[in-house]
file coords11.tsv (TSV, C-alpha atoms)
chain	number	residue	atom	x	y	z
W	596	MET	CA	32.10	15.44	-2.21
W	597	ILE	CA	31.80	13.97	1.29
W	598	SER	CA	34.52	14.91	3.76
W	599	GLN	CA	33.46	13.13	6.93
W	600	VAL	CA	30.72	10.81	8.17
W	601	PHE	CA	29.56	10.56	11.79
W	602	ILE	CA	27.05	8.33	13.53
W	603	LEU	CA	26.14	9.87	16.88
W	604	SER	CA	24.06	8.60	19.77
W	605	SER	CA	20.99	10.48	20.98
W	606	LYS	CA	23.27	12.21	23.50
W	607	GLY	CA	25.79	13.25	20.85
W	608	ASP	CA	28.44	10.61	21.63
W	609	HIS	CA	30.60	9.43	18.72
W	610	LEU	CA	29.75	5.87	17.69
W	611	ILE	CA	31.26	5.93	14.19
W	612	TYR	CA	33.63	8.52	12.73
W	613	LYS	CA	35.10	8.31	9.22
W	614	ASP	CA	37.38	10.99	7.77
W	615	TYR	CA	37.98	10.43	4.05
W	616	PHE	CA	40.86	12.92	3.97
W	617	ARG	CA	42.45	12.02	7.35
W	618	ARG	CA	42.30	15.51	8.83
W	619	ARG	CA	42.68	14.68	12.49
W	620	ASN	CA	41.01	17.09	14.92
W	621	HIS	CA	40.96	19.87	12.34
W	622	TYR	CA	37.70	21.60	11.45
W	623	ASN	CA	37.25	24.72	9.41
W	624	HIS	CA	33.60	25.67	9.79
W	625	LYS	CA	33.82	28.31	7.09
W	626	ASP	CA	34.62	25.73	4.42
W	627	LEU	CA	32.52	22.80	5.71
W	628	TYR	CA	28.79	22.29	5.77
W	629	PHE	CA	27.22	19.94	8.32
W	630	LEU	CA	24.10	18.01	7.31
W	631	HIS	CA	22.28	15.42	9.40
W	632	ILE	CA	19.19	13.24	9.68
W	633	ARG	CA	17.76	11.33	12.62
W	634	GLN	CA	16.83	7.67	12.26
W	635	GLY	CA	16.62	4.86	14.78
W	636	GLY	CA	17.30	7.28	17.63
W	637	LEU	CA	20.70	8.10	16.10
W	638	TYR	CA	22.09	11.17	14.34
W	639	TRP	CA	23.62	10.51	10.92
W	640	VAL	CA	25.94	13.40	10.06
W	641	ALA	CA	28.04	14.23	7.01
W	642	THR	CA	30.28	17.17	6.24
W	643	THR	CA	30.81	18.46	2.74
W	644	THR	CA	32.55	21.32	1.00
W	645	VAL	CA	31.24	24.23	-1.04
W	646	GLY	CA	29.63	23.20	-4.31
W	647	SER	CA	28.09	19.90	-3.17
W	648	SER	CA	24.33	19.44	-3.38
W	649	PRO	CA	22.78	19.28	0.11
W	650	PHE	CA	19.91	17.19	-1.23
W	651	ALA	CA	22.37	14.60	-2.54
W	652	ILE	CA	24.07	14.41	0.88
W	653	ILE	CA	20.72	13.99	2.65
W	654	GLU	CA	19.79	11.21	0.24
W	655	PHE	CA	23.18	9.60	0.88
W	656	LEU	CA	22.57	9.65	4.64
W	657	ASN	CA	19.11	8.10	4.23
W	658	ARG	CA	20.50	5.32	2.07
W	659	LEU	CA	23.41	4.80	4.46
W	660	ALA	CA	20.97	4.33	7.36
W	661	ALA	CA	18.99	1.86	5.25
W	662	LEU	CA	22.15	-0.09	4.38
W	663	VAL	CA	23.26	-0.27	8.01
W	664	LYS	CA	19.79	-1.52	8.95
W	665	ASP	CA	19.93	-4.18	6.23
W	666	TYR	CA	23.38	-5.41	7.23
W	667	CYS	CA	22.98	-5.10	11.03
W	668	GLY	CA	19.34	-6.15	11.24
W	669	SER	CA	18.14	-3.09	13.17
W	670	LEU	CA	19.03	0.53	13.91
W	671	SER	CA	19.98	1.24	17.50
W	672	GLU	CA	22.94	2.43	19.52
W	673	LYS	CA	23.62	-1.13	20.67
W	674	SER	CA	23.57	-2.63	17.17
W	675	VAL	CA	25.98	0.06	15.90
W	676	GLN	CA	28.36	-0.55	18.79
W	677	MET	CA	28.32	-4.32	18.24
W	678	ASN	CA	28.85	-3.99	14.47
W	679	PHE	CA	31.33	-1.11	14.25
W	680	ALA	CA	33.76	-3.21	12.16
W	681	LEU	CA	31.01	-4.06	9.65
W	682	ILE	CA	29.93	-0.41	9.38
W	683	TYR	CA	33.50	0.78	8.79
W	684	GLU	CA	33.82	-1.83	6.05
W	685	LEU	CA	30.62	-0.52	4.46
W	686	LEU	CA	31.90	3.07	4.60
W	687	ASP	CA	35.15	2.01	2.94
W	688	GLU	CA	33.28	0.39	0.06
W	689	ILE	CA	30.53	2.94	-0.62
W	690	VAL	CA	32.71	6.09	-0.56
W	691	ASP	CA	36.21	6.47	-2.02
W	692	TYR	CA	38.11	9.72	-1.41
W	693	GLY	CA	34.83	11.53	-0.77
W	694	TYR	CA	33.02	10.28	-3.89
W	695	ILE	CA	30.08	7.87	-3.64
W	696	GLN	CA	30.80	4.62	-5.48
W	697	THR	CA	27.69	2.46	-4.90
W	698	MET	CA	24.79	2.12	-2.47
W	699	SER	CA	23.45	-1.14	-3.91
W	700	SER	CA	23.29	-4.12	-1.57
W	701	ASP	CA	23.53	-6.46	-4.59
W	702	VAL	CA	26.94	-4.98	-5.45
W	703	LEU	CA	28.17	-4.66	-1.88
W	704	LYS	CA	27.42	-8.28	-0.96
W	705	ASN	CA	30.33	-9.34	-3.19
W	706	PHE	CA	32.80	-7.28	-1.12
W	707	ILE	CA	31.50	-7.22	2.46
W	708	GLN	CA	33.03	-10.09	4.42
W	709	THR	CA	32.35	-9.13	8.04
W	710	GLU	CA	29.41	-10.95	9.58
W	711	ALA	CA	26.87	-9.05	11.65
W	712	VAL	CA	26.58	-9.51	15.41
W	713	THR	CA	22.94	-9.59	16.48
W	714	SER	CA	21.01	-9.66	19.73
W	715	ARG	CA	17.41	-10.67	20.31
W	716	PRO	CA	15.80	-8.24	22.77
W	717	PHE	CA	12.04	-8.47	23.17
W	718	SER	CA	10.21	-5.35	22.03
W	719	LEU	CA	6.50	-4.65	21.82
W	720	PHE	CA	7.21	-2.09	19.09
W	721	ASP	CA	8.87	-4.64	16.80
W	722	LEU	CA	6.47	-5.55	13.99
W	723	SER	CA	7.90	-9.07	13.83
W	724	ASN	CA	7.26	-9.82	17.49
W	725	VAL	CA	3.50	-9.89	17.17
W	726	GLY	CA	0.89	-11.81	15.25
W	727	LEU	CA	0.72	-9.58	12.21
W	728	PHE	CA	0.49	-12.49	9.79
W	729	GLY	CA	-3.05	-13.55	10.61
W	730	ALA	CA	-2.56	-15.05	14.07
W	731	GLU	CA	-4.82	-13.74	16.82
W	732	THR	CA	-2.18	-13.59	19.58
W	733	GLN	CA	1.49	-12.76	19.96
W	734	GLN	CA	2.31	-16.46	20.06
W	735	SER	CA	2.40	-16.56	16.27
W	736	LYS	CA	3.39	-19.93	14.89
W	737	VAL	CA	3.95	-18.82	11.32
W	738	ALA	CA	7.20	-16.89	11.77
W	739	PRO	CA	9.92	-16.50	14.40
W	740	SER	CA	9.94	-13.35	16.49
W	741	SER	CA	13.06	-11.96	14.82
W	742	ALA	CA	12.17	-13.01	11.28
W	743	ALA	CA	12.22	-9.54	9.71
W	744	THR	CA	14.95	-7.96	11.84
W	745	ARG	CA	17.90	-10.18	11.02
W	746	PRO	CA	20.77	-9.05	8.78
W	747	ILE	CA	20.49	-9.79	5.09
W	748	GLN	CA	23.77	-11.73	5.26
W	749	SER	CA	22.10	-14.32	7.48
W	750	SER	CA	20.15	-15.60	4.48
W	751	ARG	CA	23.35	-17.20	3.19
W	752	GLU	CA	23.67	-19.35	6.30
W	753	GLN	CA	20.24	-20.93	6.47
W	754	GLY	CA	20.64	-23.86	4.12
W	755	GLY	CA	18.79	-22.40	1.14
W	756	LYS	CA	15.93	-20.99	3.23
W	757	SER	CA	14.66	-17.78	1.69
W	758	GLU	CA	11.99	-15.35	2.86
W	759	ILE	CA	10.39	-12.17	1.66
W	760	PHE	CA	8.26	-9.72	3.68
W	761	VAL	CA	5.77	-7.22	2.26
W	762	ASP	CA	4.59	-4.65	4.82
W	763	VAL	CA	1.69	-2.25	4.27
W	764	ILE	CA	2.26	0.53	6.81
W	765	GLU	CA	-0.08	3.49	7.26
W	766	ARG	CA	0.17	6.58	9.50
W	767	MET	CA	-2.93	8.53	10.53
W	768	THR	CA	-3.12	12.29	11.19
W	769	VAL	CA	-6.48	13.21	12.74
W	770	VAL	CA	-7.85	16.37	14.34
W	771	ILE	CA	-11.27	16.29	16.05
W	772	GLY	CA	-12.84	19.55	17.22
W	773	SER	CA	-14.22	20.20	20.70
W	774	ASN	CA	-17.75	19.71	19.31
W	775	GLY	CA	-16.87	16.21	18.07
W	776	VAL	CA	-16.72	17.21	14.41
W	777	LEU	CA	-13.91	15.73	12.34
W	778	MET	CA	-11.71	18.60	11.14
W	779	LYS	CA	-8.87	16.68	9.48
W	780	ALA	CA	-8.15	13.06	8.60
W	781	ASP	CA	-5.08	12.23	6.52
W	782	VAL	CA	-3.39	8.91	5.87
W	783	GLU	CA	0.13	8.41	4.56
W	784	GLY	CA	1.03	4.87	3.60
W	785	GLU	CA	3.76	2.84	2.01
W	786	ILE	CA	4.46	-0.68	0.83
W	787	ARG	CA	7.84	-1.96	1.99
W	788	VAL	CA	9.58	-5.05	0.72
W	789	LYS	CA	12.33	-6.77	2.68
W	790	CYS	CA	14.01	-9.56	0.77
W	791	TYR	CA	16.16	-12.35	2.17
W	792	MET	CA	16.36	-14.25	-1.11
W	793	PRO	CA	19.82	-14.69	-2.67
W	794	SER	CA	18.29	-14.40	-6.14
W	795	CYS	CA	14.84	-13.44	-7.36
W	796	SER	CA	14.32	-12.52	-11.00
W	797	GLU	CA	10.87	-10.95	-10.57
W	798	MET	CA	8.18	-10.37	-7.97
W	799	ARG	CA	4.56	-9.51	-8.76
W	800	ILE	CA	2.41	-7.76	-6.13
W	801	GLY	CA	-1.31	-7.64	-6.80
W	802	LEU	CA	-3.30	-4.83	-5.17
W	803	ASN	CA	-7.08	-4.43	-4.83
W	804	GLU	CA	-8.77	-4.51	-8.20
W	805	GLU	CA	-10.90	-1.56	-6.99
W	806	PHE	CA	-7.80	0.53	-6.21
W	807	SER	CA	-8.02	3.98	-7.83
W	808	ILE	CA	-5.89	7.13	-7.74
W	809	GLY	CA	-7.49	10.55	-7.48
W	810	LYS	CA	-11.10	11.24	-8.45
W	811	SER	CA	-11.03	8.73	-11.27
W	812	GLN	CA	-13.81	6.32	-12.10
W	813	LEU	CA	-14.33	3.47	-9.65
W	814	ARG	CA	-12.89	0.12	-10.66
W	815	GLY	CA	-14.20	-3.41	-10.16
W	816	TYR	CA	-17.37	-4.45	-8.38
W	817	GLY	CA	-16.43	-4.20	-4.71
W	818	ALA	CA	-15.99	-1.31	-2.33
W	819	ALA	CA	-13.75	1.42	-3.70
W	820	VAL	CA	-10.20	1.77	-2.39
W	821	ARG	CA	-9.05	5.27	-3.31
W	822	VAL	CA	-5.99	7.42	-2.64
W	823	ASP	CA	-5.27	10.99	-3.70
W	824	GLU	CA	-1.61	10.60	-4.67
W	825	CYS	CA	0.71	7.70	-5.37
W	826	SER	CA	4.40	7.33	-6.22
W	827	PHE	CA	6.57	4.32	-7.01
W	828	HIS	CA	10.17	3.23	-6.65
W	829	GLN	CA	12.18	3.65	-9.82
W	830	ALA	CA	12.65	-0.13	-10.06
W	831	VAL	CA	8.89	-0.83	-10.21
W	832	ARG	CA	7.50	-1.67	-13.65
W	833	LEU	CA	3.95	-0.43	-14.18
W	834	ASP	CA	3.00	-2.06	-17.48
W	835	GLU	CA	0.32	-4.17	-15.70
W	836	PHE	CA	-0.72	-1.59	-13.12
W	837	ASP	CA	-3.35	0.31	-15.11
W	838	SER	CA	-5.15	-2.83	-16.29
W	839	HIS	CA	-4.69	-5.31	-13.43
W	840	ARG	CA	-3.25	-3.28	-10.51
W	841	ILE	CA	-0.06	-5.37	-10.42
W	842	LEU	CA	3.37	-4.07	-9.42
W	843	ARG	CA	6.38	-5.81	-10.96
W	844	LEU	CA	9.93	-5.49	-9.69
W	845	CYS	CA	13.17	-7.39	-9.16
W	846	PRO	CA	13.86	-6.88	-5.44
W	847	SER	CA	17.40	-6.65	-4.19
W	848	GLN	CA	18.44	-8.01	-0.84
W	849	GLY	CA	17.46	-5.70	1.98
W	850	GLU	CA	14.58	-3.28	2.50
W	851	GLN	CA	13.11	-0.89	-0.01
W	852	THR	CA	9.92	1.16	-0.28
W	853	VAL	CA	8.22	0.23	-3.54
W	854	MET	CA	5.13	2.45	-3.26
W	855	GLN	CA	4.00	5.52	-1.29
W	856	TYR	CA	0.48	6.95	-1.23
W	857	GLN	CA	-1.65	9.56	0.54
W	858	LEU	CA	-5.35	10.08	1.26
W	859	SER	CA	-6.81	13.31	2.69
W	860	ASP	CA	-10.15	13.98	4.41
W	861	ASP	CA	-12.06	11.09	2.85
W	862	LEU	CA	-11.49	7.95	4.92
W	863	PRO	CA	-13.54	4.94	3.76
W	864	SER	CA	-14.16	3.70	7.31
W	865	ALA	CA	-15.00	5.20	10.69
W	866	LEU	CA	-12.24	6.48	12.96
W	867	PRO	CA	-10.85	3.77	15.25
W	868	PHE	CA	-11.27	5.75	18.49
W	869	ARG	CA	-13.66	8.34	19.89
W	870	LEU	CA	-13.22	10.35	23.09
W	871	PHE	CA	-16.03	11.95	25.10
W	872	PRO	CA	-14.48	14.31	27.70
W	873	THR	CA	-16.16	16.20	30.52
W	874	ILE	CA	-14.30	18.93	32.45
W	875	GLU	CA	-15.79	20.18	35.74
W	876	ARG	CA	-14.84	21.73	39.10
W	877	ASP	CA	-16.06	20.11	42.32
W	878	ASN	CA	-17.05	21.80	45.56
W	879	GLY	CA	-13.54	21.46	46.95
W	880	GLY	CA	-12.02	23.41	44.06
W	881	ARG	CA	-10.49	20.36	42.40
W	882	LEU	CA	-10.42	19.86	38.64
W	883	LEU	CA	-12.44	16.81	37.55
W	884	MET	CA	-11.70	15.24	34.19
W	885	TYR	CA	-14.02	12.43	33.13
W	886	MET	CA	-12.79	10.65	30.02
W	887	LYS	CA	-14.90	8.07	28.18
W	888	LEU	CA	-12.98	6.38	25.38
W	889	ARG	CA	-14.65	4.18	22.78
W	890	CYS	CA	-12.94	1.73	20.44
W	891	ASP	CA	-14.82	1.36	17.13
W	892	LEU	CA	-12.66	-1.45	15.77
W	893	PRO	CA	-14.20	-4.86	14.97
W	894	PRO	CA	-14.77	-6.99	18.10
W	895	LYS	CA	-11.84	-9.34	17.43
W	896	ARG	CA	-9.37	-6.51	16.80
W	897	SER	CA	-7.46	-4.54	19.40
W	898	PRO	CA	-4.52	-2.11	19.36
W	899	LEU	CA	-1.07	-3.42	20.13
W	900	THR	CA	-0.14	-0.26	22.07
W	901	PHE	CA	-2.36	2.56	23.28
W	902	VAL	CA	-1.46	5.75	25.18
W	903	CYS	CA	-3.70	8.75	25.93
W	904	LEU	CA	-1.84	12.02	26.63
W	905	ILE	CA	-3.90	14.79	28.27
W	906	SER	CA	-2.25	18.22	28.14
W	907	LEU	CA	-2.71	20.56	31.13
W	908	SER	CA	-1.92	24.20	31.66
W	909	GLN	CA	-1.15	24.28	35.39
W	910	GLU	CA	1.25	22.60	37.81
W	911	LEU	CA	-0.67	19.67	39.29
W	912	SER	CA	-0.40	17.22	42.17
W	913	SER	CA	-0.79	13.46	41.75
W	914	PRO	CA	-4.24	12.36	40.56
W	915	ASP	CA	-6.36	9.94	42.58
W	916	GLN	CA	-6.75	7.50	39.73
W	917	SER	CA	-3.79	5.39	38.72
W	918	ALA	CA	-2.07	7.30	35.93
W	919	GLU	CA	1.28	8.89	35.31
W	920	LEU	CA	1.56	12.63	35.88
W	921	LYS	CA	4.39	14.44	34.13
W	922	PRO	CA	4.79	17.90	35.70
W	923	GLN	CA	7.62	18.83	33.31
W	924	SER	CA	5.40	18.42	30.25
W	925	ARG	CA	2.21	19.35	32.16
W	926	ALA	CA	0.33	16.28	31.04
W	927	VAL	CA	-1.40	13.17	32.37
W	928	VAL	CA	-0.52	9.94	30.58
W	929	TRP	CA	-3.25	7.28	30.58
W	930	GLN	CA	-1.92	3.93	29.38
W	931	ILE	CA	-4.24	1.09	28.41
W	932	ALA	CA	-2.79	-2.41	28.17
W	933	ARG	CA	-5.76	-4.11	26.47
W	934	PHE	CA	-8.55	-2.38	24.59
W	935	ALA	CA	-10.80	-4.73	22.61
W	936	GLY	CA	-12.79	-3.51	19.66
W	937	GLY	CA	-16.42	-2.63	20.29
W	938	THR	CA	-15.82	-1.71	23.94
W	939	GLN	CA	-15.40	1.51	25.87
W	940	LEU	CA	-13.35	2.52	28.89
W	941	SER	CA	-13.65	5.45	31.27
W	942	ALA	CA	-11.38	7.24	33.74
W	943	LEU	CA	-11.95	9.96	36.32
W	944	PHE	CA	-8.99	12.20	37.19
W	945	LYS	CA	-9.18	14.47	40.25
W	946	LEU	CA	-6.47	17.09	40.23
W	947	GLU	CA	-5.44	19.79	42.67
W	948	VAL	CA	-4.87	23.00	40.71
W	949	PRO	CA	-3.65	26.19	42.44
W	950	SER	CA	-6.02	29.13	41.89
W	951	LEU	CA	-8.35	27.20	39.60
W	952	SER	CA	-10.65	29.49	37.61
W	953	SER	CA	-13.10	29.22	34.74
W	954	ALA	CA	-10.48	30.66	32.39
W	955	SER	CA	-7.86	28.07	33.39
W	956	MET	CA	-10.35	25.24	32.82
W	957	LEU	CA	-10.60	26.33	29.19
W	958	GLU	CA	-6.85	25.80	28.82
W	959	VAL	CA	-7.06	22.05	29.49
W	960	GLY	CA	-6.24	19.97	26.44
W	961	PRO	CA	-5.88	18.92	23.78
W	962	VAL	CA	-5.82	15.13	24.12
W	963	GLY	CA	-3.40	13.11	22.02
W	964	LEU	CA	-3.84	9.40	21.27
W	965	SER	CA	-0.91	7.17	20.39
W	966	PHE	CA	-1.64	3.65	19.13
W	967	GLU	CA	-0.57	0.87	16.82
W	968	LEU	CA	-3.14	-1.34	15.07
W	969	PRO	CA	-1.97	-4.66	13.59
W	970	LYS	CA	-3.73	-6.34	10.66
W	971	ILE	CA	-5.64	-3.15	9.73
W	972	THR	CA	-5.30	-0.50	7.02
W	973	ALA	CA	-7.27	2.76	7.23
W	974	THR	CA	-7.56	3.06	3.44
W	975	GLY	CA	-8.60	-0.56	2.89
W	976	LEU	CA	-5.57	-1.32	0.73
W	977	GLN	CA	-4.89	-5.07	0.56
W	978	ILE	CA	-2.40	-7.36	-1.17
W	979	ARG	CA	-4.31	-9.80	-3.37
W	980	PHE	CA	-1.33	-12.00	-4.15
W	981	LEU	CA	2.45	-12.14	-3.99
W	982	ARG	CA	4.11	-14.22	-6.70
W	983	LEU	CA	7.74	-14.93	-7.48
W	984	SER	CA	9.10	-16.04	-10.84
W	985	PRO	CA	10.75	-18.27	-11.57
W	986	VAL	CA	9.67	-20.55	-8.74
W	987	GLN	CA	12.40	-20.52	-6.11
W	988	PRO	CA	14.28	-23.80	-5.58
W	989	GLY	CA	14.05	-25.16	-2.07
W	990	PRO	CA	11.75	-23.90	0.68
W	991	SER	CA	10.70	-20.26	0.44
W	992	GLN	CA	8.28	-18.28	2.54
W	993	ARG	CA	6.32	-15.13	1.78
W	994	TRP	CA	4.73	-12.89	4.42
W	995	VAL	CA	2.27	-10.02	4.04
W	996	ARG	CA	1.71	-7.79	7.07
W	997	TYR	CA	-0.49	-4.76	7.76
W	998	VAL	CA	-0.17	-2.11	10.47
W	999	THR	CA	-1.70	1.32	11.08
W	1000	HIS	CA	-0.36	3.68	13.72
W	1001	SER	CA	-1.00	7.24	14.84
W	1002	ASP	CA	1.22	9.96	13.48
W	1003	SER	CA	-0.82	12.69	15.19
W	1004	TYR	CA	-4.27	11.90	16.60
W	1005	THR	CA	-5.51	15.06	18.39
W	1006	ILE	CA	-8.85	15.67	20.11
W	1007	ARG	CA	-9.69	19.18	21.29
W	1008	ILE	CA	-11.68	19.53	24.50
call {"tool": "encode", "arguments": {"input": "coords11.tsv", "output": "structure tokens"}}
result
Amino acid sequence: MISQVFILSSKGDHLIYKDYFRRRNHYNHKDLYFLHIRQGGLYWVATTTVGSSPFAIIEFLNRLAALVKDYCGSLSEKSVQMNFALIYELLDEIVDYGYIQTMSSDVLKNFIQTEAVTSRPFSLFDLSNVGLFGAETQQSKVAPSSAATRPIQSSREQGGKSEIFVDVIERMTVVIGSNGVLMKADVEGEIRVKCYMPSCSEMRIGLNEEFSIGKSQLRGYGAAVRVDECSFHQAVRLDEFDSHRILRLCPSQGEQTVMQYQLSDDLPSALPFRLFPTIERDNGGRLLMYMKLRCDLPPKRSPLTFVCLISLSQELSSPDQSAELKPQSRAVVWQIARFAGGTQLSALFKLEVPSLSSASMLEVGPVGLSFELPKITATGLQIRFLRLSPVQPGPSQRWVRYVTHSDSYTIRI
């Protein structure tokens, strides 16, 4: 049973507060349990009484955040503030006297009447703002900038226009030793579907014919695409998966993750970035850090965002080369606006370090890379086709997008 629901800002300010038993300003910590998650820079909190499953409450909070994202278009403090009436209406419908009634957007769309209020801020981190659909620049002509971040209710107002987005998103965890040897390389990926179609009986997603799970026999005639583990949404039908690598499902309006997979220590392609560091001390007692960074992507590919974070162990003054020094975190941040594939960049940092010694030089590092790569998957997973049945009346558009970003990309020096 759920007693209260809070949505808090990153600073802990109340944005949304719902008490299902109307106990104003009364908290008994001995009888209540507080559970929370963090999504979209917000804290999603619920209180419950003894006897309730904490895992069920956590799942409820995750689904609540997904519903708010579907109905508001995005998760942020601003979007919650602008759509507080819509969120309160959602909370009234999905929970009744502390008991969860439904979390299905197909059911809720018959009861939710409040329209979402949206804004269109430009963001480099928004997947829909860049040419992820095959275009070579951000001036993509195949989809508007806010195509995948609008509320699902907006699909009713567009004169029969319907769209569906399939995103293949992968996160890399890499550790490279000080001798340049790869120590760890893991990839976690997922296929997300966001549907703006008022009705769709079935969708068929075709994966690589060579896609295999585990150490099983290779399939097809092309290069193998292998993962160690794979799981599917409960709505996905797998009767054609073993023979033809086809996922079948009836998507509901909103966003859902239809497939999750993982690959460990056996990447089919080379790492996207290599760093060659040199740490020295000059005659004046300054610490010299020479960083040569190489991008091993194809020549026409480049990361959307790229940040190099160099950890230090001493309090430092400002470096000579243009870079941001963060004394609080003891790190130098090297930001690169454009980094084309097949090229390399270098930087020389000269730092004044009090009482620099050979022992303190060994404490420099590690280096962390943060990046986002559009139109690339580390595992090689691709969508062969995306088919809808029956054929949708009126104009309909289907988009397939790929992105790989760093979860933790660490290089020891």
call {"tool": "residues_around", "arguments": {"input": "coords11.tsv", "residues": "region 647-664 of chain W", "least_positions_apart": "5", "cutoff": "10 Å", "atoms": "all atoms listed in the file", "output": "PyMOL selection string"}}
result
chain W and resi 596-597+600+602+628-635+637-642+669-671+674-675+678+681-682+685-686+689+695+698-700+703+744-747+849-851
call {"tool": "closest_residue", "arguments": {"input": "coords11.tsv", "among": "W:Ala926, W:Ala942, W:Leu870, W:Met854", "to": "Tyr885 (chain W)", "atoms": "all atoms listed in the file"}}
result
W:Ala942
call {"tool": "closest_atom_pairs", "arguments": {"input": "coords11.tsv", "of": "region 952-1001 of chain W", "to": "region 805-809 of chain W", "cutoff": "10 Å", "atoms": "all atoms listed in the file", "output": "JSON lines"}}
result
{"residue": "W:Thr974", "atom": "CA", "partner": "W:Phe806", "partner_atom": "CA", "distance": 10.0}
{"residue": "W:Gly975", "atom": "CA", "partner": "W:Phe806", "partner_atom": "CA", "distance": 9.2}
{"residue": "W:Leu976", "atom": "CA", "partner": "W:Phe806", "partner_atom": "CA", "distance": 7.5}
{"residue": "W:Gln977", "atom": "CA", "partner": "W:Phe806", "partner_atom": "CA", "distance": 9.3}
call {"tool": "atom_distance", "arguments": {"input": "coords11.tsv", "atom1": "CA of Gly963 (chain W)", "atom2": "CA of Val822 (chain W)"}}
result
25.4 Å
call {"tool": "closest_residue", "arguments": {"input": "coords11.tsv", "among": "W:Asn705, W:Ser953, W:Ser796, W:Ser1001", "to": "Thr972 (chain W)", "atoms": "all atoms listed in the file"}}
result
W:Ser1001
